[in-house]
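Below: one structure, written as structure tokens.
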Amino acid sequence: MKEIQYLNLTTYIMKNKFVQAVLVIALGSALVTSCKPKNSGDAVSGDAAEKAYVAPGKYDEFYNFVSGGFSGQLSVYGLPSGRLFRVIPVFSVDPEKGWGYSEETKPMLNTSHGFVPWDDLHHTEMSQTNGEVDGRWVFGNANNTPRIARIDLKTFKTAEIIELPNSGGNHSSPFITENTEYVVAGTRFSVPADYSNGDVPINTYKENYKGHISFVSVDKKSGEMDLAFQIVTPGVNFDLSHAGKGKSHGWFFFSCYNTEQANTLLEVNASQKDKDFIMAVNWKKAEEYIKAGKGKKQKVKYAHNTWDEHTHSAKSAMKDEVLVLDASELKDICYMIPCPKSPHGCDVDPTGEFIVGSGKLAALIPVFSFDKLQSAIKGKKFEGNYGGIPVVKYEAALHGEVQKPGLGPLHTEFDGKGNAYTTFFVSSEVVKWDIKTLKVLDRVPTYYSVGHLCIPGGDSKKPFGKYLIAYNKITKDRYLPTGPELAQSAQIFDISGDKMKLILDFPTIGEPHYAQAAPADLIRNNGQLKFYKLEDNKHPYAAKGEKEAKVVREGNKVHVYMTSIRSHFAPDNIEGVFLGDEVYFHVTNLEQDWDVPHGFAVKGANNGELLIMPGETTTLKWIPDRVGTFPFYCTDFCSALHQEMQGYIRVSPKGSNVPLQFSLGTNLPATK
Ligand code: K7E
Ligand code: CUA
């Protein structure tokens, strides 16, 4: 479909409701199918591929943290090689690492709905200091059961997860302010607030459904999160957001669609209006109102889960209150800026002056000016209000429009040299344009249907504009087929010159949405943890040496204080366990050296394995289901005698007289 048709049709359809509905469906399916660029076979030319080559034994220049979408995980790649280093479990259980299987990690996945072992992670955002990526933490959002996670980049482990009340679909998240003061979350699905009665007819959306935007504070030192306050808004769908920076520090911008407030067939009914909104939030002002006691205390229920590196365990606390500010009562914290049509990405350039809205159904890209927005607010250049929130006149806040950039704009990143790069899902391309003049400078096809993109530091004040990575939704014909489901992919472009050049593409894990990247040295030299010190191990069931290894019965619970070191467990023979017992293997890895994990698995466990880092204690719960003798073994090839790293546990009938005993290196006395 050509842009021209698109524009003319837009004017035409506004006059005809039926045609409107049909066309929106057609556009919708265009969005789903997208056009396929020509010449997809010979995309990499000349010496381009060399630029992505990182010789064996050499390090990459950048770390790339890529969301896993419906895998609920975060993967870590190197740039420019595209090598996968690690998958960090966040919201989904991961048997490979025992995440969500070991007793210590289960509380990390606790929510007000109980244990939730899966989620949908769309966006990653790295912590910043003075608007620059600082390499300390990376945050991720859970879409389905609204949560935000903080991953510690010293351990590459999820350190904290906070649930968000009053939300449904935490999509517009986890974007941060320039000193990581707050990480925010806007709800995609408006819902009746948790503190109101939700048992209402769905067709009362307009009166009973609300949007909530959460401001979660982040402790400067520890990184610990706290739900500082929420702002309640009319029911719309918040989609994405970005914080202001530099001159616009103190503001946040959220794209919203479905300002029609439809609750059925949104692909038609939420595409009626010519313009939806970007909501500008003056969060400094909101902070003042909170300090002045203007927040209403509301009863809610949400989980806050934290990881303790000394006990090697998570704790889950249930919280029951939140402070809520009402955007329709406090007239100067939120402003709506009209934005054509169904905006998705909402991106702020490195100077903080330009705010880019990407209307999924728009044939242009509007760029708003922070200065103009400020004078429009001062001069009250409003065109009414939306649910009590002032609506700024489009022209009054507009810097200008990028004309005919492509079809289906989604997301924009910046190179720090005055250029913006926008992805186009429908026309399957990345388009480079000048932020000031709004002239299109270059375009490259992607294979195919690009969603997010990432430039290292590309949403910060200081982008490292050397590479651009496009994350594609569709790879039909790009790789060897793998049955009905094909890999999603990433493509790396060299953007150091005037023209973008494809240098590599590689398949990804899960469905990649947003990603962040930072110079490798920043993270490599942030005080990376190599092992946990045994003397700091405060796990209540730790055995810090083989002498402390023991088996203790407490009623029907049997606690095995076990150690592992190359290449044996202590104890490795255990008897006197009965059917009906719950056995807890608390395994302490005694190694004090980098990169020597041991694993632990026992036959019949309805569970994952344990993968225990040096100096760490981790627990596997095992309920034997039959009488017999069961082997356990180390799952991680730790030494030449790894295959010797094994043991037996004997399970006797309930009430049998086999005494509880254990050993290493000597035989247990025979008992019948
Ligand atoms: Cu994939 Cu950020 Cu959920 Cu756009 S969103 S693509
Ligand atoms: Cu320990 Cu293999």
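To be explicit about the labels: the chains of the structure tokens are called A, B, and onward in the order shown, and within each one the residues are counted from 1, while ligands get numbers from 1 in the order they are shown.
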With 8 Å as the cut-off and only C-alpha atoms and all ligand atoms counted, what is the closest atom pair between each nearby residue of chain A and ligand 1? Distances in Å to one decimal, ordered by chain and number, as a tab-separated table.
residue	atom	partner	partner_atom_place_in_ligand_line	distance
A:Gly69	CA	ligand 1	1 (Cu)	7.7
A:His122	CA	ligand 1	3 (Cu)	5.0
A:His123	CA	ligand 1	2 (Cu)	6.0
A:His171	CA	ligand 1	3 (Cu)	6.2
A:Ser172	CA	ligand 1	2 (Cu)	7.8
A:Asp239	CA	ligand 1	2 (Cu)	7.8
A:Leu240	CA	ligand 1	2 (Cu)	6.7
A:His344	CA	ligand 1	4 (Cu)	6.6
A:Gly345	CA	ligand 1	4 (Cu)	6.6
A:Leu410	CA	ligand 1	4 (Cu)	6.0
A:His411	CA	ligand 1	4 (Cu)	6.7
A:Val450	CA	ligand 1	6 (S)	7.3
A:Gly451	CA	ligand 1	6 (S)	3.6
A:His452	CA	ligand 1	6 (S)	4.8
A:Pro512	CA	ligand 1	1 (Cu)	7.3
A:His513	CA	ligand 1	1 (Cu)	4.3
A:Tyr514	CA	ligand 1	2 (Cu)	5.6
All residues within 12 Å of ligand 2 are required, counting only C-alpha atoms and all ligand atoms; please report them as a ChimeraX atom specification.
/A:563-570,587-591,595-601,610-614,632-647
Those same residues, written as a compact mmCIF listing (two decimals), in the first residue's frame with C-alpha atoms?
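And here is the file that came out, selection-v8.txt:
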# COMPACT_ATOMS: atom_id res chain seq x y z
CA THR A 563 28.27 -29.84 50.53
CA SER A 564 29.68 -30.13 47.05
CA ILE A 565 33.27 -29.81 45.95
CA ARG A 566 35.23 -31.35 43.08
CA SER A 567 34.28 -34.19 42.87
CA HIS A 568 31.95 -35.44 45.58
CA PHE A 569 28.96 -34.61 47.74
CA ALA A 570 29.01 -34.87 51.51
CA VAL A 587 23.47 -27.93 48.92
CA THR A 588 26.37 -25.61 49.65
CA ASN A 589 28.99 -25.28 46.95
CA LEU A 590 32.29 -25.06 48.84
CA GLU A 591 34.32 -23.90 45.84
CA ASP A 595 33.17 -20.48 37.14
CA VAL A 596 32.92 -23.68 39.19
CA PRO A 597 29.21 -24.28 39.76
CA HIS A 598 28.01 -27.71 40.78
CA GLY A 599 24.62 -29.09 39.90
CA PHE A 600 22.29 -31.33 41.83
CA ALA A 601 19.50 -33.59 40.65
CA LEU A 610 19.89 -26.96 41.31
CA LEU A 611 22.79 -25.07 39.82
CA ILE A 612 24.78 -23.83 42.76
CA MET A 613 27.32 -21.06 42.36
CA PRO A 614 30.59 -21.19 44.32
CA PHE A 632 21.54 -38.15 42.89
CA TYR A 633 24.34 -36.58 40.90
CA CYS A 634 26.06 -33.39 39.82
CA THR A 635 24.68 -32.02 36.56
CA ASP A 636 27.48 -29.58 35.69
CA PHE A 637 30.66 -31.05 34.21
CA CYS A 638 32.94 -29.72 36.93
CA SER A 639 36.09 -31.83 36.74
CA ALA A 640 37.62 -34.88 35.11
CA LEU A 641 35.85 -36.94 37.77
CA HIS A 642 32.52 -35.21 37.39
CA GLN A 643 30.91 -38.51 36.43
CA GLU A 644 32.01 -39.82 39.83
CA MET A 645 30.15 -37.01 41.59
CA GLN A 646 27.10 -38.96 42.75
CA GLY A 647 25.34 -40.50 45.75
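Here the helix (DSSP H, G or I) residues in range 133-331 of chain A, by DSSP on the backbone, are Ile202, Asn203, Thr204, Tyr205, Lys206, Glu207, Asn208, Gly246, Lys247, Ser248, Leu266, Glu267, Val268, Asn269, Trp283, Lys284, Lys285, Ala286, Glu287, Glu288, Tyr289, Ile290 and Lys291 of chain A.
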Find the spatial neighbours of range 198-201 of chain A, counting only C-alpha atoms, within a cut-off of 12 Å - ignore same-chain residues fewer than 6 positions away - and output them as a list in words.
Asn166, Ser190, Val191, Pro192, Glu207, Asn208, Tyr209, Lys210 and Asn263 of chain A
Excluding Ile503 in chain A and residues on its chain fewer than 6 positions from it, collect all residues at most 7 Å away from it, counting only C-alpha atoms, and give them as a ChimeraX atom specification.
/A:44,48-49,51-52,492-494
With only C-alpha atoms as the basis for distance, which of A:Arg626, A:Lys603, A:Lys621, A:Arg524 is at the shortest distance from Val558 in chain A?
A:Lys621
Could you tell me which of A:Asn282, A:Asn143, A:Thr204, A:Gln128 comes closest to Ile176 in chain A if we count only C-alpha atoms?
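Answer, going by the shortest atom-to-atom distance: A:Gln128.
Taking CA of Asn526 in chain A as the reference point, CA of Val76 in chain A is found at 16.3 Å.
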Env of Glu485 in chain A: 12 Å cut, atoms = only C-alpha atoms, seq-sep filter 2 positions within chain, self excluded. Answer as a ChimeraX atom specification.
/A:473-476,479-483,487-488,510-511
Please report, as a ChimeraX atom specification, each residue of range 401-641 of chain A to which DSSP assigns strand (DSSP E or B) when run on this structure's backbone.
/A:401-403,409-414,419-424,429-434,440-445,450-454,467-472,482,484,489-494,501-507,515-519,550-554,557-565,568-570,573-578,582-589,598-602,610-612,617-622,628-633
Skipping near chain neighbours, those fewer than 2 positions away, what residues fall within 9 Å of range 435-442 of chain A using only C-alpha atoms, listed as a PyMOL selection string?
chain A and resi 349+354+367+399-405+418-420+430-433+444+498-500
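Atom pair CA of Gly82 in chain A / CA of Ala159 in chain A has a distance of 25.8 Å (rounded to one decimal).
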Who sits within 9 Å of Lys157 in chain A, only C-alpha atoms, same chain under 5 positions skipped, as a PDB file with C-alpha atoms, in the first residue's frame:
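The resulting out-v1.pdb:
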ATOM      1  CA  ILE A  88      18.723 -14.455  32.717  1.00  0.00           C
ATOM      2  CA  PRO A  89      15.529 -15.864  34.183  1.00  0.00           C
ATOM      3  CA  VAL A  90      13.254 -13.059  35.338  1.00  0.00           C
ATOM      4  CA  ARG A 150      15.474  -5.210  38.678  1.00  0.00           C
ATOM      5  CA  ILE A 151      18.379  -7.302  37.486  1.00  0.00           C
ATOM      6  CA  ASP A 152      21.731  -6.767  39.147  1.00  0.00           C
TER       7      ASP A 152
END
Could you check which of A:Glu181, A:Asp326, A:Glu163, A:Asp219 is closest to Val116 in chain A, using only C-alpha atoms?
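Using only C-alpha atoms, the shortest distance to Val116 in chain A belongs to A:Glu163.
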Nearest to Ile523 in chain A: which of A:Ser449, A:Ser127, A:Ser271, A:Ser248 is it, counting only C-alpha atoms?
A:Ser127
